[in-house]
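S.K.: Input model-v2.cif, format and content: mmCIF, C-alpha atoms and all ligand atoms.
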data_upload
#
loop_
_atom_site.label_atom_id
_atom_site.label_comp_id
_atom_site.auth_asym_id
_atom_site.auth_seq_id
_atom_site.Cartn_x
_atom_site.Cartn_y
_atom_site.Cartn_z
CA MET A 1 46.67 37.95 -224.24
CA THR A 2 49.49 36.34 -226.17
CA LEU A 3 52.93 35.79 -224.76
CA ARG A 4 55.17 33.53 -226.76
CA VAL A 5 58.83 33.05 -227.54
CA GLU A 6 60.26 32.15 -230.92
CA SER A 7 63.72 30.58 -231.12
CA LEU A 8 64.60 32.74 -228.14
CA THR A 9 68.26 32.80 -227.16
CA LEU A 10 69.22 34.89 -224.14
CA GLY A 11 72.58 35.50 -222.53
CA TYR A 12 75.18 37.98 -221.47
CA GLY A 13 77.79 39.39 -223.83
CA ALA A 14 78.04 36.75 -226.51
CA THR A 15 77.52 33.85 -224.07
CA PRO A 16 74.09 32.21 -224.35
CA VAL A 17 72.40 31.01 -221.17
CA LEU A 18 69.16 29.87 -222.78
CA ARG A 19 69.16 28.56 -226.35
CA GLY A 20 66.41 28.44 -228.95
CA LEU A 21 63.36 28.40 -226.66
CA ASP A 22 60.06 28.04 -228.52
CA GLY A 23 56.57 28.07 -227.12
CA ALA A 24 53.56 29.97 -225.84
CA PHE A 25 52.59 30.68 -222.23
CA ALA A 26 49.09 29.54 -221.29
CA PRO A 27 46.90 32.67 -221.29
CA ALA A 28 44.91 33.58 -218.16
CA ALA A 29 46.67 30.86 -216.17
CA LEU A 30 49.60 30.25 -213.83
CA THR A 31 52.88 28.89 -215.21
CA ALA A 32 55.80 28.01 -212.94
CA VAL A 33 59.40 28.27 -214.16
CA VAL A 34 61.60 25.73 -212.36
CA GLY A 35 65.13 24.38 -212.65
CA PRO A 36 68.42 24.26 -210.77
CA ASN A 37 70.47 27.31 -209.79
CA GLY A 38 72.00 28.88 -212.87
CA ALA A 39 69.53 27.25 -215.30
CA GLY A 40 68.49 30.68 -216.59
CA LYS A 41 65.15 31.26 -214.87
CA SER A 42 65.88 34.87 -213.89
CA THR A 43 67.45 35.44 -217.29
CA LEU A 44 64.26 34.23 -218.98
CA LEU A 45 62.09 36.57 -216.89
CA LYS A 46 64.36 39.51 -217.72
CA GLY A 47 64.07 38.61 -221.39
CA LEU A 48 60.26 38.35 -221.18
CA ALA A 49 60.15 41.70 -219.35
CA GLY A 50 62.11 43.34 -222.16
CA LEU A 51 65.04 44.15 -219.87
CA LEU A 52 67.49 41.85 -221.64
CA PRO A 53 67.54 41.99 -225.44
CA PRO A 54 67.58 38.57 -227.13
CA LEU A 55 70.82 37.32 -228.65
CA ALA A 56 68.56 35.64 -231.22
CA GLY A 57 64.85 35.03 -231.74
CA ARG A 58 62.13 37.12 -230.15
CA VAL A 59 59.48 37.60 -227.49
CA VAL A 60 55.97 38.34 -228.76
CA ALA A 61 53.64 40.02 -226.23
CA ASP A 62 50.43 41.79 -227.13
CA GLY A 63 49.83 43.47 -223.77
CA THR A 64 51.65 45.21 -220.94
CA VAL A 65 54.11 43.20 -218.88
CA ALA A 66 54.70 43.80 -215.15
CA TYR A 67 57.79 42.31 -213.52
CA LEU A 68 58.66 41.63 -209.88
CA PRO A 69 62.40 40.97 -209.47
CA GLN A 70 63.78 38.79 -206.68
CA GLN A 71 63.55 40.40 -203.24
CA ALA A 72 67.35 40.14 -202.97
CA GLU A 73 67.65 42.58 -205.88
CA PHE A 74 65.31 45.03 -204.19
CA ASP A 75 67.00 47.85 -202.29
CA PRO A 76 65.23 51.20 -202.54
CA GLY A 77 68.49 52.82 -201.38
CA PHE A 78 66.66 55.70 -199.69
CA PRO A 79 63.83 55.95 -197.14
CA LEU A 80 60.62 55.03 -198.92
CA THR A 81 57.20 54.64 -197.36
CA VAL A 82 54.88 51.77 -198.19
CA LEU A 83 52.56 54.20 -199.98
CA ASP A 84 55.45 55.63 -202.05
CA LEU A 85 56.45 52.12 -203.10
CA VAL A 86 52.93 51.24 -204.20
CA LEU A 87 52.45 54.55 -206.02
CA LEU A 88 55.57 53.74 -208.06
CA GLY A 89 53.31 51.20 -209.77
CA HIS A 90 51.63 54.14 -211.53
CA TRP A 91 54.79 55.16 -213.35
CA ARG A 92 53.67 53.56 -216.59
CA GLN A 93 50.58 55.77 -216.78
CA CYS A 94 52.14 58.89 -215.24
CA GLY A 95 55.82 58.90 -216.12
CA ALA A 96 58.44 59.28 -213.45
CA PHE A 97 57.75 62.81 -212.24
CA ALA A 98 54.02 63.40 -212.73
CA ALA A 99 51.84 64.34 -209.78
CA ILE A 100 49.79 61.59 -208.17
CA GLY A 101 46.05 62.33 -207.98
CA PRO A 102 43.53 61.34 -205.32
CA GLY A 103 42.18 58.52 -207.52
CA GLN A 104 45.61 56.95 -207.76
CA ARG A 105 46.10 57.30 -204.04
CA ALA A 106 42.76 55.58 -203.44
CA ASP A 107 43.80 52.76 -205.80
CA ALA A 108 47.02 52.33 -203.83
CA GLU A 109 45.12 52.19 -200.53
CA ARG A 110 42.75 49.58 -201.99
CA ALA A 111 45.71 47.50 -203.19
CA LEU A 112 47.32 47.70 -199.75
CA ALA A 113 44.09 46.54 -198.13
CA ALA A 114 43.93 43.63 -200.60
CA VAL A 115 47.40 42.44 -199.55
CA GLY A 116 46.66 42.79 -195.84
CA LEU A 117 48.57 46.04 -195.27
CA ALA A 118 45.71 48.47 -194.65
CA GLY A 119 46.92 51.27 -192.40
CA ALA A 120 50.62 50.65 -193.16
CA GLU A 121 50.83 53.47 -195.75
CA ARG A 122 53.26 55.63 -193.76
CA ARG A 123 55.57 52.88 -192.55
CA LEU A 124 59.06 52.79 -194.02
CA ILE A 125 59.80 49.86 -196.32
CA GLY A 126 63.08 49.25 -194.53
CA ALA A 127 61.20 48.74 -191.26
CA LEU A 128 58.96 45.96 -192.61
CA SER A 129 59.53 42.24 -192.27
CA LEU A 130 60.42 40.37 -195.47
CA GLY A 131 56.87 39.01 -195.75
CA GLN A 132 55.29 42.45 -195.20
CA ARG A 133 57.65 43.93 -197.78
CA GLN A 134 56.63 41.27 -200.27
CA ARG A 135 52.96 42.10 -199.62
CA ALA A 136 53.75 45.77 -200.37
CA ARG A 137 55.55 44.80 -203.58
CA PHE A 138 52.49 42.77 -204.62
CA ALA A 139 50.33 45.87 -204.02
CA ARG A 140 52.61 47.77 -206.39
CA LEU A 141 52.19 45.02 -208.99
CA MET A 142 48.40 45.32 -208.67
CA ILE A 143 48.69 49.01 -209.52
CA GLU A 144 50.93 48.25 -212.51
CA ASP A 145 47.98 46.36 -213.96
CA GLY A 146 49.97 44.16 -216.37
CA ALA A 147 48.25 41.74 -218.73
CA VAL A 148 51.29 39.54 -218.08
CA ILE A 149 52.76 39.35 -214.58
CA LEU A 150 56.27 37.96 -214.09
CA LEU A 151 57.47 37.09 -210.59
CA ASP A 152 61.00 35.95 -209.74
CA GLU A 153 60.98 33.65 -206.68
CA PRO A 154 58.12 35.54 -205.03
CA PHE A 155 57.92 33.09 -202.12
CA ALA A 156 61.62 32.73 -201.26
CA ALA A 157 62.01 33.16 -197.47
CA ILE A 158 58.26 33.81 -197.13
CA ASP A 159 56.30 31.84 -194.49
CA ALA A 160 53.41 29.48 -195.27
CA ALA A 161 50.63 31.87 -194.21
CA THR A 162 51.95 34.77 -196.32
CA THR A 163 52.62 32.42 -199.24
CA ALA A 164 48.99 31.23 -199.06
CA ASP A 165 47.71 34.83 -199.06
CA LEU A 166 49.94 35.81 -201.99
CA MET A 167 49.06 32.63 -203.92
CA ALA A 168 45.39 33.60 -203.60
CA ILE A 169 46.29 36.90 -205.27
CA LEU A 170 48.06 35.04 -208.12
CA HIS A 171 44.97 32.85 -208.64
CA GLY A 172 42.78 35.97 -208.66
CA TRP A 173 44.97 37.52 -211.35
CA ALA A 174 44.69 34.41 -213.53
CA GLU A 175 40.91 34.28 -213.04
CA ALA A 176 40.77 37.94 -214.10
CA GLY A 177 42.46 36.96 -217.38
CA ARG A 178 46.08 37.77 -216.60
CA THR A 179 48.93 35.52 -217.65
CA VAL A 180 51.04 34.82 -214.55
CA ILE A 181 54.56 33.37 -214.67
CA ALA A 182 56.48 32.70 -211.46
CA VAL A 183 59.92 31.25 -210.77
CA SER A 184 59.91 28.83 -207.85
CA HIS A 185 62.14 26.26 -206.19
CA ASP A 186 59.21 24.90 -204.17
CA LEU A 187 58.13 21.98 -206.34
CA ASP A 188 55.44 20.88 -203.88
CA LEU A 189 53.84 24.31 -204.21
CA VAL A 190 54.22 24.18 -207.99
CA ARG A 191 52.52 20.76 -208.15
CA ARG A 192 49.68 21.97 -205.92
CA ALA A 193 49.05 25.40 -207.38
CA PHE A 194 50.47 25.81 -210.90
CA PRO A 195 48.69 24.02 -213.77
CA HIS A 196 51.59 24.67 -216.20
CA THR A 197 55.35 24.34 -215.78
CA LEU A 198 58.41 25.28 -217.82
CA ARG A 199 61.45 23.38 -216.56
CA LEU A 200 64.82 24.77 -217.60
CA GLY A 201 68.16 23.04 -217.27
CA GLY A 202 70.62 22.74 -220.09
CA ASP A 203 69.30 20.58 -222.87
CA THR A 204 66.48 19.12 -220.82
CA ILE A 205 63.84 21.80 -221.29
CA ALA A 206 60.28 20.59 -220.64
CA TRP A 207 57.16 22.73 -220.98
CA GLY A 208 53.54 21.72 -220.52
CA PRO A 209 51.02 20.56 -217.91
CA THR A 210 52.69 20.37 -214.48
CA ALA A 211 51.53 16.78 -214.04
CA THR A 212 53.56 15.87 -217.14
CA VAL A 213 56.62 18.04 -216.52
CA LEU A 214 56.86 17.23 -212.78
CA PRO A 215 55.07 13.89 -212.49
CA ARG A 216 55.94 13.06 -208.88
CA ARG A 217 58.19 13.99 -206.01
CA GLU A 218 61.75 13.04 -206.92
CA ALA A 219 64.94 12.91 -204.90
CA ALA A 220 66.43 15.22 -207.51
CA ASP A 221 63.80 17.93 -206.91
CA VAL A 222 65.41 21.37 -206.97
N1 LIG B 301 74.41 40.03 -215.35
C1 LIG B 301 75.00 38.88 -215.69
N2 LIG B 301 76.16 38.87 -216.39
C2 LIG B 301 76.76 37.71 -216.76
N3 LIG B 301 76.26 36.49 -216.48
C3 LIG B 301 75.12 36.43 -215.80
C4 LIG B 301 74.42 37.61 -215.37
N4 LIG B 301 73.29 37.22 -214.71
C5 LIG B 301 73.30 35.87 -214.73
N5 LIG B 301 74.39 35.39 -215.37
C6 LIG B 301 74.71 33.97 -215.60
O1 LIG B 301 73.64 33.38 -216.31
C7 LIG B 301 73.39 32.07 -215.84
C8 LIG B 301 71.93 31.93 -215.46
O2 LIG B 301 71.66 32.78 -214.36
P1 LIG B 301 70.19 33.00 -213.81
O3 LIG B 301 70.29 33.99 -212.68
O4 LIG B 301 69.28 33.31 -214.93
O5 LIG B 301 69.86 31.54 -213.24
P2 LIG B 301 68.65 31.07 -212.33
O6 LIG B 301 68.10 29.83 -212.93
O7 LIG B 301 67.69 32.20 -212.10
O8 LIG B 301 69.40 30.72 -210.97
P3 LIG B 301 68.95 30.77 -209.42
O9 LIG B 301 68.06 29.59 -209.19
O10 LIG B 301 70.27 30.64 -208.70
O11 LIG B 301 68.28 32.10 -209.17
C9 LIG B 301 74.35 31.82 -214.69
O12 LIG B 301 75.43 31.08 -215.18
C10 LIG B 301 74.78 33.21 -214.29
O13 LIG B 301 76.09 33.21 -213.77
#
Now that the file is in, can you turn its structure into structure tokens?
M.R.:
Amino acid sequence: MTLRVESLTLGYGATPVLRGLDGAFAPAALTAVVGPNGAGKSTLLKGLAGLLPPLAGRVVADGTVAYLPQQAEFDPGFPLTVLDLVLLGHWRQCGAFAAIGPGQRADAERALAAVGLAGAERRLIGALSLGQRQRARFARLMIEDGAVILLDEPFAAIDAATTADLMAILHGWAEAGRTVIAVSHDLDLVRRAFPHTLRLGGDTIAWGPTATVLPRREAADV
């Protein structure tokens, strides 16, 4: 699986946020995207997901890309059960209005069991805790089956136990050959769990092994 960017410039209107980014994401591995508020981390993920067209340069991906936006951007807007949410992960194979078969339902139930939500199929998303909702969103990502998986601050406001469970899922994805890219402000977690890091922030972009990009705990950690 190849995911690389070539002279990638992203922004809004004519205003660039990220300029001339070049490089390749480590395949079948975890990469963290870090940097201060406003550095362009979410913008980069939207560009990689194909949701924001480049102002210049390009994204080269030779597989499917699944994208988990920030929880704050997630509002189903209508009553949705946990099972409905997970089944939405099938849209790529089925299209928006196709009927869901028993095999797909079984896949969704398996994914819910894998994230610790077995038996929660009929609960309403709005009635779940933030951590439970994030588990359900991870189950949907499993169903999407992307070769590349992009996650925007997946552990924001998530407790240590749930973070550990979800991190185990990220590691499993990488071991299964998926390229996993996650935005995080938790630099301790990044140092512990992510072998590669892309640090954004104006002209001080750094990209490589985490031990090189984030050598030690600094007062300026963001
Ligand atoms: N839809 C939009 N229209 C115009 N400008 C935007 C839009 N979304 C983001 N921006 C601007 O782009 C810049 C980068 O925003 P982005 O959300 O990518 O940063 P970030 O690194 O993810 O920040 P945070 O850590 O706060 O989530 C900011 O200056 C922001 O105001």
S.K.: Name each residue within 8 Å of ligand LIG 301 (chain B), counting all atoms listed in the file, as a VMD selection string.
M.R.: chain A and resid 11 to 13 17 34 to 44 153 183 185 200
S.K.: With distances taken over all atoms listed in the file, which of A:Ala108, A:Leu151, A:Ala72, A:Ala28 is nearest to A:Ala49?
M.R.: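 Closest to A:Ala49, using all atoms listed in the file: A:Leu151.
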S.K.: Using all atoms listed in the file, what does the table of stretch 92-198 of chain A residues within 9 Å of stretch 212-216 of chain A look like, with each row giving the shortest atom pair and its distance in Å to one decimal, sorted by chain and ascending number, as JSON lines?
M.R.:
{"residue": "A:Leu187", "atom": "CA", "partner": "A:Leu214", "partner_atom": "CA", "distance": 8.1}
{"residue": "A:Val190", "atom": "CA", "partner": "A:Leu214", "partner_atom": "CA", "distance": 8.8}
{"residue": "A:Arg191", "atom": "CA", "partner": "A:Leu214", "partner_atom": "CA", "distance": 7.3}
{"residue": "A:His196", "atom": "CA", "partner": "A:Val213", "partner_atom": "CA", "distance": 8.3}
{"residue": "A:Thr197", "atom": "CA", "partner": "A:Val213", "partner_atom": "CA", "distance": 6.5}
{"residue": "A:Leu198", "atom": "CA", "partner": "A:Val213", "partner_atom": "CA", "distance": 7.6}
S.K.: Can those selected residues be exported to a file as a PDB file, keeping the file's coordinate frame so that it contains C-alpha atoms?
M.R.:
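Saved file selection.pdb follows:
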ATOM      1  CA  LEU A 187      58.130  21.980-206.340  1.00  0.00           C
ATOM      2  CA  VAL A 190      54.220  24.180-207.990  1.00  0.00           C
ATOM      3  CA  ARG A 191      52.520  20.760-208.150  1.00  0.00           C
ATOM      4  CA  HIS A 196      51.590  24.670-216.200  1.00  0.00           C
ATOM      5  CA  THR A 197      55.350  24.340-215.780  1.00  0.00           C
ATOM      6  CA  LEU A 198      58.410  25.280-217.820  1.00  0.00           C
TER       7      LEU A 198
END
S.K.: Using only C-alpha atoms - which residues lie no farther than 7 Å from the point (52.0, 27.9, -208.9) in the file's frame? Write them as a list in words.
M.R.: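 The requested residues, written out, are Leu30, Thr31, Ala32, Leu189, Val190, Ala193 and Phe194 of chain A.
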S.K.: Using atom CA of A:Pro209 and atom CA of A:Pro195 as the two end points, give the distance in Å to one decimal.
M.R.: 5.9 Å
S.K.: Given the choices A:Met1, A:Leu87, A:Leu68, A:Asp159, which gets closest to A:Gly101 if the distance is worked out from all atoms listed in the file?
M.R.: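 Result for the nearest residue to A:Gly101: A:Leu87.
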S.K.: Using only C-alpha atoms, can you list as a list in words the residues within 10 Å of (51.6, 42.9, -210.6)?
M.R.: Val65, Ala66, Tyr67, Leu68, Gly89, Arg137, Phe138, Ala139, Arg140, Leu141, Met142, Ile143, Glu144, Asp145, Gly146, Ala147, Val148, Ile149, Leu150, Leu151, Ile169, Leu170, Trp173, Arg178 and Val180 of chain A
S.K.: Keeping C-alpha atoms, export the residues of the selection given above as a PDB file, keeping the file's coordinate frame.
M.R.:
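As written to disk, result_19.pdb reads:
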ATOM      1  CA  VAL A  65      54.110  43.200-218.880  1.00  0.00           C
ATOM      2  CA  ALA A  66      54.700  43.800-215.150  1.00  0.00           C
ATOM      3  CA  TYR A  67      57.790  42.310-213.520  1.00  0.00           C
ATOM      4  CA  LEU A  68      58.660  41.630-209.880  1.00  0.00           C
ATOM      5  CA  GLY A  89      53.310  51.200-209.770  1.00  0.00           C
ATOM      6  CA  ARG A 137      55.550  44.800-203.580  1.00  0.00           C
ATOM      7  CA  PHE A 138      52.490  42.770-204.620  1.00  0.00           C
ATOM      8  CA  ALA A 139      50.330  45.870-204.020  1.00  0.00           C
ATOM      9  CA  ARG A 140      52.610  47.770-206.390  1.00  0.00           C
ATOM     10  CA  LEU A 141      52.190  45.020-208.990  1.00  0.00           C
ATOM     11  CA  MET A 142      48.400  45.320-208.670  1.00  0.00           C
ATOM     12  CA  ILE A 143      48.690  49.010-209.520  1.00  0.00           C
ATOM     13  CA  GLU A 144      50.930  48.250-212.510  1.00  0.00           C
ATOM     14  CA  ASP A 145      47.980  46.360-213.960  1.00  0.00           C
ATOM     15  CA  GLY A 146      49.970  44.160-216.370  1.00  0.00           C
ATOM     16  CA  ALA A 147      48.250  41.740-218.730  1.00  0.00           C
ATOM     17  CA  VAL A 148      51.290  39.540-218.080  1.00  0.00           C
ATOM     18  CA  ILE A 149      52.760  39.350-214.580  1.00  0.00           C
ATOM     19  CA  LEU A 150      56.270  37.960-214.090  1.00  0.00           C
ATOM     20  CA  LEU A 151      57.470  37.090-210.590  1.00  0.00           C
ATOM     21  CA  ILE A 169      46.290  36.900-205.270  1.00  0.00           C
ATOM     22  CA  LEU A 170      48.060  35.040-208.120  1.00  0.00           C
ATOM     23  CA  TRP A 173      44.970  37.520-211.350  1.00  0.00           C
ATOM     24  CA  ARG A 178      46.080  37.770-216.600  1.00  0.00           C
ATOM     25  CA  VAL A 180      51.040  34.820-214.550  1.00  0.00           C
TER      26      VAL A 180
END
S.K.: Can you list, as a list in words, every protein, DNA or RNA residue that comes within 12 Å of stretch 163-165 of chain A when you count all atoms listed in the file, leaving out same-chain residues fewer than 6 positions away?
M.R.: Ala114, Val115, Gly116, Leu117, Leu130, Gly131, Gln132, Gln134, Arg135, Phe138, Glu153, Pro154, Phe155, Ala156, Ala157, His171, Gly172, Ser184, Asp186, Leu189, Arg192 and Ala193 of chain A
S.K.: In Å to one decimal, how far is atom CA of A:Ala120 from atom CA of A:Leu80?
M.R.: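 That distance, rounded to one decimal, is 12.3 Å.
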S.K.: Which of these residues is nearest to A:Gln70, using only C-alpha atoms: A:Ala24, A:Leu45, A:Ala111, A:Ala29?
M.R.: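 Answer, going by the shortest atom-to-atom distance: A:Leu45.
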S.K.: Between atom CA of A:Leu124 and atom CA of A:Ala106, measure the distance and give it in Å to one decimal.
M.R.: 19.0 Å
S.K.: Measuring atom to atom with all atoms listed in the file, identify which of A:Ile125, A:Ile158, A:Leu21, A:Leu88 is nearest to A:Val5.
M.R.: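 Distance minimum relative to A:Val5 lands on A:Leu21.
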S.K.: Taking all atoms of stretch 111-115 of chain A that the file lists, what box with edges along x, y and z, padded by 4 Å per side, do you get, with centre and edge lengths in Å to one decimal, as AutoDock Vina command-line options?
M.R.:
--center_x 45.7 --center_y 45.1 --center_z -200.7 --size_x 11.5 --size_y 13.3 --size_z 13.1
S.K.: Between A:Asp188, A:Glu109, A:Asp22, A:Glu73, which one has atoms that come closest to A:Ala56, using all atoms listed in the file?
M.R.: A:Asp22
